[in-house]
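*Asks:* Coordinates in work-v5.csv, CSV, C-alpha atoms, are listed below.
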```csv
chain,number,residue,atom,x,y,z
L,6,MET,CA,34.9,49.3,25.3
L,7,LEU,CA,35.5,48.4,21.6
L,8,LYS,CA,35.1,45.0,20.1
L,9,VAL,CA,37.9,44.5,17.7
L,10,SER,CA,38.5,41.9,15.1
L,11,VAL,CA,41.4,41.7,12.7
L,12,ILE,CA,40.7,39.4,9.8
L,13,SER,CA,42.9,38.1,7.0
L,14,PRO,CA,41.7,35.6,4.4
L,15,GLU,CA,43.6,32.8,6.1
L,16,ARG,CA,42.4,33.4,9.6
L,17,THR,CA,41.2,35.7,12.3
L,18,LEU,CA,44.2,37.2,13.9
L,19,PHE,CA,42.6,39.0,16.8
L,20,ASP,CA,39.1,39.0,18.2
L,21,GLY,CA,38.5,40.7,21.5
L,22,ASP,CA,38.0,43.9,23.5
L,23,ALA,CA,40.2,47.0,23.3
L,24,THR,CA,40.2,50.5,24.6
L,25,GLN,CA,41.6,52.1,21.5
L,26,VAL,CA,42.6,51.3,18.0
L,27,VAL,CA,45.1,53.2,15.9
L,28,ALA,CA,45.1,52.2,12.2
L,29,PRO,CA,47.1,53.2,9.2
L,30,ALA,CA,44.5,54.6,6.9
L,31,TYR,CA,45.4,55.3,3.3
L,32,ASP,CA,46.3,58.9,4.1
L,33,GLY,CA,47.6,58.8,7.6
L,34,GLU,CA,46.8,57.2,10.9
L,35,VAL,CA,43.3,57.3,12.4
L,36,GLY,CA,42.5,56.7,16.0
L,37,ILE,CA,39.3,55.1,17.2
L,38,LEU,CA,37.8,55.3,20.6
L,39,THR,CA,34.5,54.2,22.0
L,40,GLY,CA,31.5,56.0,20.5
L,41,HIS,CA,33.1,56.6,17.1
L,42,ALA,CA,30.7,57.4,14.3
L,43,PRO,CA,30.2,54.7,11.7
L,44,MET,CA,33.1,54.8,9.4
L,45,MET,CA,34.6,52.9,6.5
L,46,ALA,CA,38.2,53.6,5.7
L,47,LEU,CA,40.7,52.3,3.2
L,48,LEU,CA,44.0,51.2,4.8
L,49,GLY,CA,47.4,51.8,3.6
L,50,ARG,CA,50.6,50.1,4.7
L,51,GLY,CA,51.7,50.4,8.3
L,52,THR,CA,51.2,49.2,11.8
L,53,LEU,CA,47.8,48.6,13.4
L,54,ARG,CA,47.8,49.2,17.1
L,55,VAL,CA,45.2,47.7,19.3
L,56,SER,CA,45.3,48.8,23.0
L,57,GLU,CA,43.9,46.3,25.4
L,58,SER,CA,43.6,46.7,29.1
L,59,GLY,CA,46.8,44.6,29.5
L,60,GLY,CA,48.9,46.2,26.9
L,61,GLU,CA,49.2,46.8,23.2
L,62,ARG,CA,49.1,44.5,20.2
L,63,ARG,CA,50.6,45.4,16.9
L,64,PHE,CA,49.9,44.1,13.5
L,65,SER,CA,51.5,45.1,10.3
L,66,VAL,CA,48.9,45.5,7.6
L,67,GLU,CA,48.8,46.4,4.0
L,68,GLY,CA,45.7,47.4,2.1
L,69,GLY,CA,42.2,46.3,3.0
L,70,PHE,CA,39.8,48.4,5.0
L,71,LEU,CA,38.6,49.3,8.4
L,72,GLN,CA,34.9,49.4,9.4
L,73,VAL,CA,33.5,51.0,12.6
L,74,VAL,CA,29.9,50.3,13.5
L,75,ASP,CA,28.4,50.5,17.0
L,76,ASN,CA,31.7,50.1,18.8
L,77,HIS,CA,32.6,47.2,16.6
L,78,VAL,CA,35.8,47.7,14.8
L,79,ARG,CA,36.6,45.4,12.0
L,80,VAL,CA,40.0,45.4,10.2
L,81,VAL,CA,39.9,43.3,7.0
L,82,THR,CA,43.1,43.1,5.2
L,83,GLU,CA,44.7,40.7,2.8
L,84,LYS,CA,48.1,41.0,4.3
L,85,ALA,CA,48.3,41.1,8.1
L,86,THR,CA,50.9,39.7,10.4
L,87,ALA,CA,51.2,40.0,14.2
L,88,SER,CA,54.3,41.9,15.1
H,5,MET,CA,45.7,-28.9,-2.5
H,6,ALA,CA,46.2,-26.5,-5.4
H,7,LYS,CA,43.0,-24.6,-4.8
H,8,GLY,CA,43.9,-23.9,-1.2
H,9,ARG,CA,47.2,-22.4,-2.0
H,10,GLU,CA,45.7,-20.2,-4.7
H,11,LEU,CA,43.1,-19.0,-2.2
H,12,LYS,CA,45.8,-18.3,0.3
H,13,GLY,CA,47.6,-16.1,-2.2
H,14,ARG,CA,44.5,-14.1,-2.9
H,15,ILE,CA,43.8,-13.6,0.8
H,16,LYS,CA,47.4,-12.3,1.2
H,17,SER,CA,47.0,-9.9,-1.6
H,18,VAL,CA,43.6,-8.5,-0.5
H,19,GLU,CA,45.0,-8.1,3.0
H,20,GLY,CA,47.9,-6.1,1.6
H,21,THR,CA,45.5,-3.9,-0.4
H,22,ARG,CA,43.3,-3.3,2.6
H,23,LYS,CA,46.3,-2.2,4.6
H,24,ILE,CA,47.1,0.4,2.0
H,25,THR,CA,43.5,1.7,1.6
H,26,ARG,CA,43.1,1.9,5.4
H,27,THR,CA,46.3,3.9,5.7
H,28,MET,CA,45.2,6.3,2.9
H,29,GLU,CA,41.9,6.7,4.7
H,30,MET,CA,43.6,7.7,7.9
H,31,VAL,CA,45.9,10.1,6.1
H,32,ALA,CA,43.0,11.7,4.3
H,33,THR,CA,41.1,12.0,7.5
H,34,SER,CA,43.8,14.0,9.2
H,35,LYS,CA,44.4,16.1,6.1
H,36,LEU,CA,40.7,16.7,5.9
H,37,LYS,CA,40.6,18.0,9.4
H,38,ARG,CA,43.2,20.6,8.6
H,39,ALA,CA,41.7,21.5,5.3
H,40,GLN,CA,38.3,21.9,7.0
H,41,ASP,CA,39.8,24.2,9.6
H,42,ARG,CA,41.1,26.4,6.8
H,43,VAL,CA,37.7,26.5,5.1
H,44,VAL,CA,36.1,27.7,8.4
H,45,ALA,CA,38.9,30.2,9.0
H,46,ALA,CA,38.4,31.7,5.6
H,47,ARG,CA,34.7,32.5,6.3
H,48,PRO,CA,34.9,35.7,8.4
H,49,TYR,CA,37.0,37.4,5.8
H,50,ALA,CA,34.7,36.5,2.9
H,51,GLN,CA,31.6,37.6,4.9
H,52,SER,CA,33.1,40.9,6.0
H,53,LEU,CA,34.2,41.7,2.5
H,54,ALA,CA,30.8,40.7,1.0
H,55,GLN,CA,29.0,42.8,3.6
H,56,VAL,CA,31.0,45.9,3.1
H,57,ILE,CA,30.7,45.7,-0.7
H,58,SER,CA,27.0,45.3,-0.4
H,59,ASP,CA,26.8,48.2,2.0
H,60,LEU,CA,28.6,50.5,-0.5
H,61,TYR,CA,27.3,49.2,-3.7
H,62,THR,CA,24.6,51.0,-5.6
H,63,PRO,CA,23.6,50.3,-9.2
H,64,GLU,CA,24.5,53.8,-10.2
H,65,LEU,CA,28.1,53.2,-9.2
H,66,ALA,CA,28.2,49.9,-11.2
H,67,GLU,CA,28.8,51.5,-14.5
H,68,ARG,CA,32.0,53.1,-13.4
H,69,PHE,CA,33.8,50.0,-12.4
H,70,PRO,CA,35.5,47.9,-15.0
H,71,LEU,CA,35.2,44.7,-12.8
H,72,LEU,CA,31.5,45.1,-12.8
H,73,ARG,CA,31.2,45.6,-16.5
H,74,GLN,CA,28.4,43.4,-17.8
H,75,PRO,CA,29.4,41.7,-21.1
H,76,ALA,CA,27.9,43.3,-24.1
H,77,GLN,CA,25.0,41.3,-25.3
H,78,ARG,CA,26.6,40.1,-28.5
H,79,SER,CA,27.3,36.7,-29.6
H,80,GLY,CA,30.9,35.6,-29.6
H,81,GLY,CA,33.2,37.1,-27.0
H,82,ARG,CA,35.8,35.3,-25.0
H,83,ALA,CA,35.6,33.7,-21.6
H,84,ALA,CA,38.1,32.0,-19.4
H,85,VAL,CA,37.3,28.9,-17.4
H,86,LEU,CA,39.6,28.1,-14.4
H,87,LEU,CA,39.2,24.5,-13.5
H,88,LEU,CA,40.5,23.5,-10.1
H,89,ALA,CA,41.1,19.8,-9.6
H,90,SER,CA,43.6,17.7,-7.7
H,91,ASN,CA,47.0,16.4,-8.4
H,92,ARG,CA,46.3,12.9,-7.2
H,93,GLY,CA,43.7,10.4,-7.9
H,94,LEU,CA,42.2,7.6,-5.8
H,95,ALA,CA,39.5,10.0,-4.6
H,96,GLY,CA,36.5,8.3,-6.2
H,97,ALA,CA,34.6,10.4,-8.7
H,98,PHE,CA,36.0,13.6,-7.4
H,99,ASN,CA,38.1,14.7,-10.4
H,100,SER,CA,35.8,13.2,-13.0
H,101,ASN,CA,32.9,15.2,-11.5
H,102,LEU,CA,34.9,18.4,-11.7
H,103,ILE,CA,35.9,17.6,-15.3
H,104,ARG,CA,32.4,16.9,-16.3
H,105,GLU,CA,31.1,20.1,-14.8
H,106,ALA,CA,33.9,22.0,-16.7
H,107,ARG,CA,33.1,20.3,-20.0
H,108,GLY,CA,29.4,21.1,-19.5
H,109,LEU,CA,30.1,24.7,-18.9
H,110,ILE,CA,32.5,24.9,-21.9
H,111,ALA,CA,30.0,23.3,-24.2
H,112,ARG,CA,27.3,25.7,-23.1
H,113,LEU,CA,29.6,28.7,-23.7
H,114,GLU,CA,30.8,27.4,-27.0
H,115,ARG,CA,27.2,26.8,-28.1
H,116,ALA,CA,26.6,30.5,-27.5
H,117,GLY,CA,29.5,31.3,-29.8
H,118,THR,CA,32.0,32.2,-27.1
H,119,THR,CA,35.7,31.3,-27.4
H,120,VAL,CA,36.8,29.6,-24.3
H,121,ASP,CA,40.3,29.6,-22.7
H,122,LEU,CA,40.7,26.8,-20.3
H,123,HIS,CA,43.1,27.2,-17.4
H,124,ALA,CA,43.7,24.0,-15.5
H,125,VAL,CA,45.0,23.4,-12.0
H,126,GLY,CA,45.9,19.9,-10.9
H,127,ARG,CA,47.5,17.0,-12.7
H,128,LYS,CA,44.3,15.1,-13.1
H,129,ALA,CA,42.5,17.9,-15.0
H,130,ILE,CA,45.6,18.6,-17.2
H,131,GLY,CA,46.0,14.9,-18.0
H,132,PHE,CA,42.4,14.6,-19.1
H,133,PHE,CA,42.3,17.6,-21.3
H,134,ARG,CA,45.7,16.7,-22.9
H,135,TYR,CA,44.2,13.3,-23.6
H,136,THR,CA,41.2,14.8,-25.4
H,137,GLY,CA,43.5,17.1,-27.3
H,138,ARG,CA,42.2,20.4,-26.0
H,139,GLN,CA,44.5,23.4,-25.9
H,140,LEU,CA,45.1,24.6,-22.3
H,141,ALA,CA,45.7,28.3,-21.9
H,142,SER,CA,47.7,27.7,-18.7
H,143,THR,CA,48.4,24.8,-16.3
H,144,ARG,CA,49.6,24.6,-12.7
H,145,THR,CA,50.5,21.6,-10.6
H,146,ASP,CA,52.4,23.2,-7.8
H,147,ILE,CA,49.4,24.1,-5.6
H,148,GLY,CA,49.3,21.4,-3.0
H,149,ASP,CA,47.4,20.8,0.1
H,150,ARG,CA,47.9,24.3,1.4
H,151,PRO,CA,46.7,26.9,-1.1
H,152,THR,CA,47.5,30.5,-0.1
H,153,VAL,CA,46.2,33.9,-1.1
H,154,GLU,CA,49.4,34.3,-3.1
H,155,HIS,CA,48.3,31.3,-5.3
H,156,ALA,CA,44.9,32.8,-5.8
H,157,ARG,CA,46.5,36.1,-6.8
H,158,GLU,CA,48.8,34.4,-9.3
H,159,LEU,CA,45.9,32.5,-10.9
H,160,VAL,CA,43.5,35.4,-11.2
H,161,GLU,CA,45.6,38.5,-11.6
H,162,ALA,CA,46.3,38.0,-15.3
H,163,LEU,CA,42.6,37.2,-15.9
H,164,MET,CA,41.5,40.3,-14.1
H,165,SER,CA,43.7,42.6,-16.2
H,166,ASP,CA,42.6,40.9,-19.3
H,167,PHE,CA,39.0,41.5,-18.2
H,168,ILE,CA,39.6,45.1,-17.5
H,169,ALA,CA,41.3,45.5,-20.9
H,170,GLU,CA,38.2,43.9,-22.4
H,171,ARG,CA,40.1,41.0,-23.8
H,172,LEU,CA,37.9,38.7,-21.8
H,173,ASP,CA,34.2,39.0,-21.2
H,174,ALA,CA,33.7,36.6,-18.4
H,175,VAL,CA,35.7,34.4,-16.0
H,176,TYR,CA,34.4,31.2,-14.5
H,177,VAL,CA,35.8,29.0,-11.8
H,178,VAL,CA,34.9,25.4,-11.6
H,179,TYR,CA,35.7,23.9,-8.2
H,180,ALA,CA,34.4,21.5,-5.6
H,181,LYS,CA,32.1,23.2,-3.1
H,182,PHE,CA,32.7,22.0,0.4
H,183,ASN,CA,29.3,21.5,2.0
H,184,SER,CA,30.5,18.7,4.3
H,185,ALA,CA,33.0,15.9,4.2
H,186,ILE,CA,30.6,13.8,2.3
H,187,SER,CA,29.0,16.4,0.1
H,188,THR,CA,31.4,18.1,-2.3
H,189,PRO,CA,29.5,18.8,-5.4
H,190,PRO,CA,31.3,20.4,-8.4
H,191,VAL,CA,30.1,24.0,-9.1
H,192,ALA,CA,30.8,26.5,-11.7
H,193,GLU,CA,30.9,30.1,-10.4
H,194,ARG,CA,31.2,33.2,-12.4
H,195,VAL,CA,33.7,35.5,-10.7
H,196,LEU,CA,34.0,38.1,-13.4
H,197,PRO,CA,32.1,40.3,-13.9
H,198,VAL,CA,31.6,40.5,-10.2
H,199,THR,CA,28.1,39.8,-9.1
H,200,PRO,CA,27.6,42.2,-6.3
H,201,PRO,CA,26.3,40.7,-3.1
H,202,ASP,CA,22.7,41.6,-2.6
H,203,GLY,CA,22.5,44.9,-0.8
H,204,LYS,CA,20.2,47.6,0.0
H,205,GLY,CA,22.8,50.2,-0.8
H,206,PRO,CA,24.4,52.3,1.9
H,207,ALA,CA,22.8,51.0,5.1
H,208,ARG,CA,24.1,53.7,7.3
H,209,ASP,CA,25.6,57.1,7.2
H,210,TYR,CA,29.2,56.0,7.1
H,211,ILE,CA,32.0,58.4,7.2
H,212,LEU,CA,33.8,57.3,4.1
H,213,LEU,CA,37.5,57.7,3.7
H,214,PRO,CA,38.1,58.6,1.0
H,215,SER,CA,34.8,57.9,-0.9
H,216,ALA,CA,32.5,55.0,-1.7
H,217,GLU,CA,33.9,54.9,-5.2
H,218,THR,CA,37.5,54.6,-4.2
H,219,ILE,CA,36.8,52.1,-1.5
H,220,LEU,CA,34.9,49.9,-3.9
H,221,SER,CA,37.5,50.1,-6.6
H,222,GLU,CA,40.1,48.9,-4.0
H,223,LEU,CA,37.9,46.2,-2.6
H,224,LEU,CA,36.5,44.6,-5.7
H,225,PRO,CA,39.9,43.0,-6.7
H,226,LEU,CA,40.2,41.7,-3.2
H,227,TYR,CA,36.7,40.2,-3.5
H,228,VAL,CA,37.6,38.5,-6.8
H,229,ARG,CA,40.9,37.2,-5.4
H,230,ASN,CA,39.1,35.9,-2.3
H,231,ALA,CA,36.5,34.1,-4.4
H,232,VAL,CA,39.4,32.2,-6.0
H,233,TYR,CA,41.2,31.6,-2.7
H,234,ARG,CA,38.0,30.2,-1.2
H,235,ALA,CA,37.5,27.9,-4.2
H,236,LEU,CA,41.1,26.6,-3.8
H,237,VAL,CA,40.6,26.0,-0.1
H,238,GLU,CA,37.3,24.3,-0.6
H,239,THR,CA,38.6,22.1,-3.4
H,240,VAL,CA,41.4,20.8,-1.3
H,241,ALA,CA,39.0,20.0,1.6
H,242,GLY,CA,36.6,18.4,-0.9
H,243,GLU,CA,39.4,16.3,-2.3
H,244,GLN,CA,40.4,14.9,1.1
H,245,GLY,CA,36.8,14.3,1.9
H,246,ALA,CA,36.2,12.4,-1.3
H,247,ARG,CA,39.4,10.4,-0.8
H,248,ARG,CA,38.4,9.5,2.7
H,249,THR,CA,35.0,8.2,1.5
H,250,ALA,CA,36.5,6.3,-1.4
H,251,MET,CA,39.2,4.7,0.7
H,252,LYS,CA,36.7,3.8,3.5
H,253,ASN,CA,34.5,2.0,0.9
H,254,ALA,CA,37.6,0.3,-0.5
H,255,THR,CA,38.6,-0.9,3.0
H,256,ASP,CA,35.1,-2.1,3.7
H,257,ASN,CA,34.9,-4.0,0.4
H,258,ALA,CA,38.3,-5.6,1.0
H,259,GLY,CA,36.9,-6.8,4.4
H,260,ASP,CA,33.9,-8.3,2.8
H,261,MET,CA,36.0,-10.0,0.1
H,262,LEU,CA,38.3,-11.4,2.8
H,263,ASN,CA,35.4,-12.9,4.7
H,264,VAL,CA,34.2,-14.8,1.5
H,265,LEU,CA,37.7,-15.9,0.6
H,266,ARG,CA,38.5,-17.2,4.1
H,267,ARG,CA,35.3,-19.1,4.3
H,268,THR,CA,35.9,-20.7,0.9
H,269,TYR,CA,39.5,-21.5,2.0
H,270,ASN,CA,38.4,-23.1,5.2
H,271,ARG,CA,35.7,-25.1,3.6
H,272,ALA,CA,38.2,-26.4,1.0
H,273,ARG,CA,40.7,-27.3,3.7
H,274,GLN,CA,38.0,-29.1,5.7
H,275,ALA,CA,36.8,-31.0,2.7
H,276,GLN,CA,40.3,-32.1,2.0
H,277,ILE,CA,40.9,-33.4,5.6
H,278,THR,CA,37.6,-35.2,5.6
H,279,GLN,CA,38.6,-36.9,2.3
H,280,GLU,CA,42.0,-37.9,3.6
H,281,ILE,CA,40.4,-39.5,6.7
H,282,ALA,CA,37.9,-41.3,4.5
H,283,GLU,CA,40.8,-42.6,2.4
H,284,ILE,CA,42.7,-43.8,5.5
H,285,VAL,CA,39.7,-45.5,7.0
H,286,GLY,CA,38.9,-47.1,3.6
H,287,GLY,CA,42.4,-48.3,3.4
H,288,ALA,CA,42.4,-49.7,7.0
H,289,GLU,CA,39.2,-51.5,6.3
H,290,ALA,CA,40.5,-53.1,3.2
H,291,LEU,CA,43.3,-54.8,5.2
```
Please express the file's structure as structure tokens.

*Replies:*
Amino acid sequence: MLKVSVISPERTLFDGDATQVVAPAYDGEVGILTGHAPMMALLGRGTLRVSESGGERRFSVEGGFLQVVDNHVRVVTEKATAS
Amino acid sequence: MAKGRELKGRIKSVEGTRKITRTMEMVATSKLKRAQDRVVAARPYAQSLAQVISDLYTPELAERFPLLRQPAQRSGGRAAVLLLASNRGLAGAFNSNLIREARGLIARLERAGTTVDLHAVGRKAIGFFRYTGRQLASTRTDIGDRPTVEHARELVEALMSDFIAERLDAVYVVYAKFNSAISTPPVAERVLPVTPPDGKGPARDYILLPSAETILSELLPLYVRNAVYRALVETVAGEQGARRTAMKNATDNAGDMLNVLRRTYNRARQAQITQEIAEIVGGAEAL
């Protein structure tokens, strides 16, 4: 299980468990599963997909970064909207 | 009873004023609640950003980033001061505290031979500096109770590019720090050059996409913008907190005043009745 939070300056858009995260990195999509090595990646513009047990949530993001540490995924971006 | 009527008039007017201050207190309380929520909601972002920057930051990298450029140790130079105050008054000493903090900072800078551009947000700040005859580099009054990241960007973007182009050597923000609803001290914070959050350098072996340098250069502007956004949000919350306190005091004072006035009024009324009775009794006895 991954712990995922999606954070924008105004608020935390998502905070919960997920099985998989696909994020639009600056040079293409990256997928993250449990046990991923610590990573820091710049984000580009695109759709962030967070797969939960019940389904999938999508956010459109632009810029910012993604951090993976010990199965915690943090997406920090100035522009994020749930879609 | 001329005195009685006069007192009655004053009681009416104080009651009217109390009604207004009590309403303003309640409005400020509800706005404060919302503003406070926004301050809290802004924290995770600021923390994550600060943490990542401190993870990536190493002093060796510092020299390569224009936003981290330390001002050359020469006298003179040019600094920008961004003063955030409110559009409306009746908030106690809130705006005057901010203005005093800003003037103190400007005086310090100017004593060191620095030219200071003052950028003012909020009608109260603008009004004061117009009155003192100081030139304002820019003014804004359209940021209301709900500042956004977009506002922060508009405020700081030009300053950031001036800083990168070395037309500015430092940028300060004067705002009200929101410790709690009753503690909103004015503070002056230097946002440029960026003071990197304390860090021990790369804490882990991160996979870096693309590189520490590129990530930092992307994130530093975000960090600066967020510092301004946070200042805006805290100032709004501070303003509502200060207004609530001021209006609560005003309401309480009006209550005390009413008690005294009512007591005086009743005493005067009683005295008059007693006197009338005494006159009637005196008159009856004379018959």

*Asks:* Report the closest atom pair, with its distance in Å rounded to one decimal, for each residue of stretch 81-105 of chain H that has an atom no farther than 12 Å from stretch 254-274 of chain H; count only C-alpha atoms, sort by chain and then rising residue number, and write it as JSON lines.

*Replies:*
```
{"residue": "H:Leu94", "atom": "CA", "partner": "H:Ala254", "partner_atom": "CA", "distance": 10.1}
{"residue": "H:Ala95", "atom": "CA", "partner": "H:Ala254", "partner_atom": "CA", "distance": 10.7}
{"residue": "H:Gly96", "atom": "CA", "partner": "H:Ala254", "partner_atom": "CA", "distance": 9.9}
```

*Asks:* To one decimal place in Å, what is the distance between atom CA of L:Phe64 and atom CA of H:Ala54?

*Replies:*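 Atom CA of H:Ala54 lies at a distance of 23.1 Å from atom CA of L:Phe64.
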
*Asks:* Give me the residues near H:Ala216 as a PyMOL selection string, where near means some atom within 9 Å (using all atoms listed in the file) and where sequence neighbours in that chain fewer than 2 positions away do not count.

*Replies:* (chain L and resi 45) or (chain H and resi 60-61+65+212-214+218-221)

*Asks:* Can you list, as a list in words, every protein, DNA or RNA residue that comes within 7 Å of H:Arg92 when you count all atoms listed in the file, leaving out same-chain residues fewer than 2 positions away?

*Replies:*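 Final neighbour list, sorted by chain and number: Ser90, Leu94, Arg127 and Lys128 of chain H.
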
*Asks:* Give the residues of chain H that lie within 9 Å of chain L; count all atoms listed in the file, and format the answer as a PyMOL selection string.

*Replies:* chain H and resi 42-50+52-53+56+152-153+208-216+218-219+222-223+226+230+233-234

*Asks:* Expressed in Å to a single decimal, how great is the separation between atom CA of H:Arg38 and atom CA of H:Ala231?

*Replies:* 19.9 Å

*Asks:* From the list L:Ala87, L:Leu7, L:Val78, L:Leu53, which residue is nearest L:Gly33 when using only C-alpha atoms?

*Replies:*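 Among the listed residues, L:Leu53 lies closest to L:Gly33.
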
*Asks:* With only C-alpha atoms as the basis for distance, which of L:Ser58, L:Thr24, L:Thr86, L:Ser65 is at the shortest distance from L:Gly36?

*Replies:* L:Thr24

*Asks:* For the atom pair atom CA of H:Gly287 and atom CA of H:Ala275, what is the interatomic distance in Å to one decimal place?

*Replies:* 18.2 Å

*Asks:* Show which residues sit within 9 Å of L:Gly21, as a PDB file with C-alpha atoms, in the frame of the given file. Count only C-alpha atoms, and ignore same-chain residues fewer than 2 positions away.

*Replies:*
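Final output, out09.pdb:
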```pdb
ATOM      1  CA  LEU L   7      35.500  48.400  21.600  1.00  0.00           C
ATOM      2  CA  LYS L   8      35.100  45.000  20.100  1.00  0.00           C
ATOM      3  CA  VAL L   9      37.900  44.500  17.700  1.00  0.00           C
ATOM      4  CA  SER L  10      38.500  41.900  15.100  1.00  0.00           C
ATOM      5  CA  PHE L  19      42.600  39.000  16.800  1.00  0.00           C
ATOM      6  CA  ALA L  23      40.200  47.000  23.300  1.00  0.00           C
ATOM      7  CA  GLU L  57      43.900  46.300  25.400  1.00  0.00           C
TER       8      GLU L  57
END
```

*Asks:* So that I can check the surroundings of H:Thr145, please list as number ranges by chain every protein, DNA and RNA residue that reaches within 8 Å of it, counting all atoms listed in the file and ignoring chain neighbours fewer than 2 positions away.

*Replies:* H: 91, 125-127, 143, 147-148

*Asks:* Counting all atoms listed in the file, what is within 10 Å of L:Val27, bar same-chain residues fewer than 4 positions away, as a list of chain:residue names?

*Replies:*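 Contacts, with the query itself left out: L:Glu34, L:Val35, L:Gly36, L:Ile37, L:Leu38, L:Thr52, L:Leu53, L:Arg54, L:Val55, L:Ser56, L:Arg63.
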
*Asks:* Between L:Val26, L:Val66, L:Leu18, L:Ser88, which residue has the minimum interatomic distance to L:Thr39, considering all atoms listed in the file?

*Replies:* L:Val26
